[in-house]
Amino acid sequence: MARTGEPPRHREKTRARITGRFLAVLVWALLLAPNGARAAIYTFVDQQGTVHFTNVPNDPRYKPGVIRPQFRGASSRPNRAGDPRLYEEHIQRAASRYEMDPLLIKAVIKTESNFDCQAVSSKGAKGLMQLMPETAADLNVWDPFDPQENIFGGTNYLRQMMARFGGNLRLALAAYNAGPSRVEAAQGIPLIPETQQYVAKVIQHYRQLTAAASPSSRWLGAAN
């Protein structure tokens, strides 16, 4: 999920990179077309998360049909709520180290795992802030089920996304969920229901937390 490389930009007659709204329109057009009118479509997803389409597969990575991008998935135990008070010290320390609002960290944890430090998603994301194995390794998180390691790693990654997207909280949250390459390709929040719902939920939890405390205009303002 944490990939920083930029995909190459080129044009080929039999190959097109479809992103954002164009991807959604094309996929629906393919699915809704009459059986007799459908041409053979081949797709693959590159290392940057970009989906490639062609009707003439000239690369061994192409597979028949439409590939659905893989995301972290929902936690496999969404109803097992943990006690936020157990992690207060870790959250405050991580917020101080990475200059993030502790209430925002809590909102992300609430959305990701409901404060269950043993949560595992259907895609393999683990712990309080649901770190994928590759992302955890990049962040030097060796035990994603350790609350301190997970919170520090997740906060670090969220801070990286804030910096990458110029302090835009909504885009940073979308990147945290779907990966930064997809956000950059869409030039906004991708048209992915899971990601759009995720951003909305985090913002909702964040507003509720700030309403019960002193609001942080620096971070909450970035979501407006």
# chains A, B, ... in the order shown; residues from 1 in each chain; ligands from 1

$ residues_around --residues "segment 82-91 of chain A" --least-positions-apart "6" --cutoff "10 Å" --atoms "only C-alpha atoms" --output "list in words"
Arg97, Met100, Asp101, Pro102, Leu103, Leu104, Ile105, Lys106, Ile109, Lys110, Ser113, Asn114, Phe115, Asp116, Cys117, Gln118, Leu128, Pro147, Gln148, Glu149, Asn150, Ile151, Phe152 and Thr155 of chain A

$ closest_atom_pairs --of "segment 98-133 of chain A" --to "segment 163-186 of chain A" --cutoff "10 Å" --atoms "only C-alpha atoms" --output "Markdown table"
| residue | atom | partner | partner_atom | distance |
| --- | --- | --- | --- | --- |
| A:Leu104 | CA | A:Leu169 | CA | 9.9 |
| A:Val108 | CA | A:Leu173 | CA | 8.6 |
| A:Glu112 | CA | A:Asn177 | CA | 9.4 |
| A:Met129 | CA | A:Tyr176 | CA | 9.9 |
| A:Gln130 | CA | A:Asn177 | CA | 9.5 |
| A:Leu131 | CA | A:Tyr176 | CA | 9.5 |

$ select_by_dssp --residues "segment 53-208 of chain A" --states "strand (DSSP E)" --output "ChimeraX atom specification"
/A:53-54,63-64

$ select_by_dssp --residues "segment 46-201 of chain A" --states "alpha helix (DSSP H)" --output "MDAnalysis selection string"
chainID A and resid 88:98 102:113 133:138 147:164 169:178 180:186 193:201

$ write_last_selection --atoms "C-alpha atoms" --output "PDB file, in the first residue's frame"
ATOM      1  CA  GLU A  88      -4.189   6.835  25.478  1.00  0.00           C
ATOM      2  CA  GLU A  89      -0.490   7.116  26.352  1.00  0.00           C
ATOM      3  CA  HIS A  90       0.635   5.586  23.048  1.00  0.00           C
ATOM      4  CA  ILE A  91      -1.690   7.878  21.084  1.00  0.00           C
ATOM      5  CA  GLN A  92      -0.478  11.004  22.862  1.00  0.00           C
ATOM      6  CA  ARG A  93       3.171  10.087  22.368  1.00  0.00           C
ATOM      7  CA  ALA A  94       2.693   9.243  18.688  1.00  0.00           C
ATOM      8  CA  ALA A  95       0.767  12.485  18.159  1.00  0.00           C
ATOM      9  CA  SER A  96       3.607  14.449  19.730  1.00  0.00           C
ATOM     10  CA  ARG A  97       6.334  12.694  17.731  1.00  0.00           C
ATOM     11  CA  TYR A  98       4.636  13.068  14.352  1.00  0.00           C
ATOM     12  CA  PRO A 102      -4.437  12.784  18.845  1.00  0.00           C
ATOM     13  CA  LEU A 103      -8.183  13.038  18.189  1.00  0.00           C
ATOM     14  CA  LEU A 104      -7.566  12.324  14.518  1.00  0.00           C
ATOM     15  CA  ILE A 105      -5.529   9.252  15.442  1.00  0.00           C
ATOM     16  CA  LYS A 106      -8.388   8.074  17.635  1.00  0.00           C
ATOM     17  CA  ALA A 107     -10.878   8.640  14.805  1.00  0.00           C
ATOM     18  CA  VAL A 108      -8.775   6.511  12.454  1.00  0.00           C
ATOM     19  CA  ILE A 109      -8.416   3.729  15.045  1.00  0.00           C
ATOM     20  CA  LYS A 110     -12.160   3.835  15.746  1.00  0.00           C
ATOM     21  CA  THR A 111     -12.906   3.410  12.049  1.00  0.00           C
ATOM     22  CA  GLU A 112     -10.193   0.855  11.355  1.00  0.00           C
ATOM     23  CA  SER A 113     -10.507  -1.576  14.252  1.00  0.00           C
ATOM     24  CA  PRO A 133       2.241  -6.405   5.999  1.00  0.00           C
ATOM     25  CA  GLU A 134       4.150  -4.506   3.301  1.00  0.00           C
ATOM     26  CA  THR A 135       3.323  -1.155   4.860  1.00  0.00           C
ATOM     27  CA  ALA A 136       4.207  -2.389   8.342  1.00  0.00           C
ATOM     28  CA  ALA A 137       7.605  -3.583   7.093  1.00  0.00           C
ATOM     29  CA  ASP A 138       8.285  -0.220   5.419  1.00  0.00           C
ATOM     30  CA  PRO A 147      -0.435  -1.444  20.311  1.00  0.00           C
ATOM     31  CA  GLN A 148       2.538   0.893  20.644  1.00  0.00           C
ATOM     32  CA  GLU A 149       4.244  -0.278  17.447  1.00  0.00           C
ATOM     33  CA  ASN A 150       1.000  -0.218  15.486  1.00  0.00           C
ATOM     34  CA  ILE A 151      -0.053   3.253  16.638  1.00  0.00           C
ATOM     35  CA  PHE A 152       3.369   4.759  16.009  1.00  0.00           C
ATOM     36  CA  GLY A 153       3.575   3.100  12.592  1.00  0.00           C
ATOM     37  CA  GLY A 154       0.043   4.046  11.566  1.00  0.00           C
ATOM     38  CA  THR A 155       0.464   7.635  12.747  1.00  0.00           C
ATOM     39  CA  ASN A 156       3.756   7.887  10.870  1.00  0.00           C
ATOM     40  CA  TYR A 157       2.098   6.635   7.697  1.00  0.00           C
ATOM     41  CA  LEU A 158      -0.862   8.980   8.084  1.00  0.00           C
ATOM     42  CA  ARG A 159       1.553  11.869   8.557  1.00  0.00           C
ATOM     43  CA  GLN A 160       3.353  10.844   5.349  1.00  0.00           C
ATOM     44  CA  MET A 161       0.048  10.901   3.478  1.00  0.00           C
ATOM     45  CA  MET A 162      -0.756  14.357   4.891  1.00  0.00           C
ATOM     46  CA  ALA A 163       2.580  15.642   3.622  1.00  0.00           C
ATOM     47  CA  ARG A 164       2.196  13.925   0.255  1.00  0.00           C
ATOM     48  CA  LEU A 169      -7.092  15.528   5.199  1.00  0.00           C
ATOM     49  CA  ARG A 170      -9.672  13.879   2.963  1.00  0.00           C
ATOM     50  CA  LEU A 171      -7.092  12.930   0.347  1.00  0.00           C
ATOM     51  CA  ALA A 172      -4.689  11.711   3.030  1.00  0.00           C
ATOM     52  CA  LEU A 173      -7.387   9.462   4.490  1.00  0.00           C
ATOM     53  CA  ALA A 174      -8.300   8.155   1.048  1.00  0.00           C
ATOM     54  CA  ALA A 175      -4.630   7.335   0.459  1.00  0.00           C
ATOM     55  CA  TYR A 176      -4.419   5.613   3.838  1.00  0.00           C
ATOM     56  CA  ASN A 177      -7.280   3.348   2.767  1.00  0.00           C
ATOM     57  CA  ALA A 178      -6.751   2.785  -0.956  1.00  0.00           C
ATOM     58  CA  PRO A 180      -1.586   7.010  -2.597  1.00  0.00           C
ATOM     59  CA  SER A 181      -1.174   5.955  -6.238  1.00  0.00           C
ATOM     60  CA  ARG A 182      -4.918   5.501  -6.656  1.00  0.00           C
ATOM     61  CA  VAL A 183      -5.600   8.926  -5.164  1.00  0.00           C
ATOM     62  CA  GLU A 184      -3.039  10.546  -7.450  1.00  0.00           C
ATOM     63  CA  ALA A 185      -4.409   8.715 -10.481  1.00  0.00           C
ATOM     64  CA  ALA A 186      -7.968   9.841  -9.669  1.00  0.00           C
ATOM     65  CA  PRO A 193     -17.401   2.914  -2.390  1.00  0.00           C
ATOM     66  CA  GLU A 194     -15.228   1.445   0.375  1.00  0.00           C
ATOM     67  CA  THR A 195     -12.800   4.365   0.247  1.00  0.00           C
ATOM     68  CA  GLN A 196     -15.508   7.021   0.050  1.00  0.00           C
ATOM     69  CA  GLN A 197     -17.325   5.479   3.015  1.00  0.00           C
ATOM     70  CA  TYR A 198     -14.062   5.178   4.928  1.00  0.00           C
ATOM     71  CA  VAL A 199     -13.228   8.866   4.539  1.00  0.00           C
ATOM     72  CA  ALA A 200     -16.737   9.868   5.583  1.00  0.00           C
ATOM     73  CA  LYS A 201     -16.626   7.645   8.679  1.00  0.00           C
TER      74      LYS A 201
END

$ closest_residue --among "A:Ala119, A:Arg61, A:Ala211, A:Val202" --to "Arg80 of chain A" --atoms "only C-alpha atoms"
A:Ala119

$ atom_distance --atom1 "atom CA of Tyr206 of chain A" --atom2 "atom CA of Ile189 of chain A"
18.3 Å

$ decode --residues "segment 51-150 of chain A" --atoms "C-alpha atoms" --output "compact mmCIF listing (two decimals), in the first residue's frame"
# COMPACT_ATOMS: atom_id res chain seq x y z
CA VAL A 51 -5.43 -0.92 -14.02
CA HIS A 52 -4.50 -1.56 -17.68
CA PHE A 53 -6.97 -2.68 -20.34
CA THR A 54 -6.50 -4.13 -23.85
CA ASN A 55 -8.22 -6.32 -26.42
CA VAL A 56 -4.85 -7.57 -27.72
CA PRO A 57 -2.89 -9.03 -24.76
CA ASN A 58 0.78 -8.37 -25.63
CA ASP A 59 2.03 -8.75 -22.06
CA PRO A 60 1.98 -11.98 -20.00
CA ARG A 61 0.48 -10.09 -17.07
CA TYR A 62 -2.80 -9.57 -18.93
CA LYS A 63 -5.62 -11.86 -17.81
CA PRO A 64 -9.10 -12.20 -19.35
CA GLY A 65 -11.86 -10.25 -17.64
CA VAL A 66 -12.02 -7.20 -15.40
CA ILE A 67 -9.73 -7.18 -12.39
CA ARG A 68 -11.11 -5.75 -9.18
CA PRO A 69 -8.38 -3.85 -7.25
CA GLN A 70 -7.60 -5.32 -3.83
CA PHE A 71 -7.95 -3.21 -0.71
CA ARG A 72 -7.32 -3.84 2.94
CA GLY A 73 -10.90 -5.02 3.52
CA ALA A 74 -13.06 -4.66 6.58
CA SER A 75 -11.96 -6.05 9.90
CA SER A 76 -12.95 -9.68 10.35
CA ARG A 77 -14.13 -8.89 13.90
CA PRO A 78 -15.89 -5.51 13.61
CA ASN A 79 -18.03 -5.97 16.73
CA ARG A 80 -15.23 -6.60 19.21
CA ALA A 81 -14.67 -3.15 20.66
CA GLY A 82 -11.60 -2.37 22.72
CA ASP A 83 -11.11 0.18 25.48
CA PRO A 84 -9.63 3.44 24.09
CA ARG A 85 -8.22 4.30 27.50
CA LEU A 86 -5.74 1.45 27.22
CA TYR A 87 -4.00 3.22 24.35
CA GLU A 88 -4.19 6.84 25.48
CA GLU A 89 -0.49 7.12 26.35
CA HIS A 90 0.64 5.59 23.05
CA ILE A 91 -1.69 7.88 21.08
CA GLN A 92 -0.48 11.00 22.86
CA ARG A 93 3.17 10.09 22.37
CA ALA A 94 2.69 9.24 18.69
CA ALA A 95 0.77 12.48 18.16
CA SER A 96 3.61 14.45 19.73
CA ARG A 97 6.33 12.69 17.73
CA TYR A 98 4.64 13.07 14.35
CA GLU A 99 2.85 16.37 15.05
CA MET A 100 -0.63 14.96 14.53
CA ASP A 101 -3.87 15.64 16.36
CA PRO A 102 -4.44 12.78 18.85
CA LEU A 103 -8.18 13.04 18.19
CA LEU A 104 -7.57 12.32 14.52
CA ILE A 105 -5.53 9.25 15.44
CA LYS A 106 -8.39 8.07 17.64
CA ALA A 107 -10.88 8.64 14.81
CA VAL A 108 -8.78 6.51 12.45
CA ILE A 109 -8.42 3.73 15.04
CA LYS A 110 -12.16 3.84 15.75
CA THR A 111 -12.91 3.41 12.05
CA GLU A 112 -10.19 0.85 11.36
CA SER A 113 -10.51 -1.58 14.25
CA ASN A 114 -12.89 -0.15 16.88
CA PHE A 115 -9.89 -0.24 19.24
CA ASP A 116 -9.43 -4.00 18.88
CA CYS A 117 -5.65 -4.49 18.88
CA GLN A 118 -6.05 -8.06 17.55
CA ALA A 119 -8.23 -7.14 14.56
CA VAL A 120 -7.36 -8.71 11.21
CA SER A 121 -9.08 -7.72 7.97
CA SER A 122 -10.10 -10.07 5.19
CA LYS A 123 -7.11 -8.77 3.19
CA GLY A 124 -4.57 -9.23 5.98
CA ALA A 125 -4.41 -5.74 7.52
CA LYS A 126 -3.60 -6.04 11.22
CA GLY A 127 -3.91 -4.28 14.53
CA LEU A 128 -5.39 -1.03 15.75
CA MET A 129 -4.61 1.03 12.64
CA GLN A 130 -4.93 -1.94 10.25
CA LEU A 131 -1.47 -1.99 8.69
CA MET A 132 -0.88 -4.20 5.68
CA PRO A 133 2.24 -6.41 6.00
CA GLU A 134 4.15 -4.51 3.30
CA THR A 135 3.32 -1.16 4.86
CA ALA A 136 4.21 -2.39 8.34
CA ALA A 137 7.61 -3.58 7.09
CA ASP A 138 8.28 -0.22 5.42
CA LEU A 139 7.47 1.49 8.73
CA ASN A 140 9.66 -0.89 10.77
CA VAL A 141 6.63 -2.29 12.58
CA TRP A 142 7.68 -5.83 13.44
CA ASP A 143 4.67 -6.77 15.57
CA PRO A 144 1.48 -5.13 14.21
CA PHE A 145 -0.49 -6.53 17.14
CA ASP A 146 1.65 -4.58 19.59
CA PRO A 147 -0.43 -1.44 20.31
CA GLN A 148 2.54 0.89 20.64
CA GLU A 149 4.24 -0.28 17.45
CA ASN A 150 1.00 -0.22 15.49
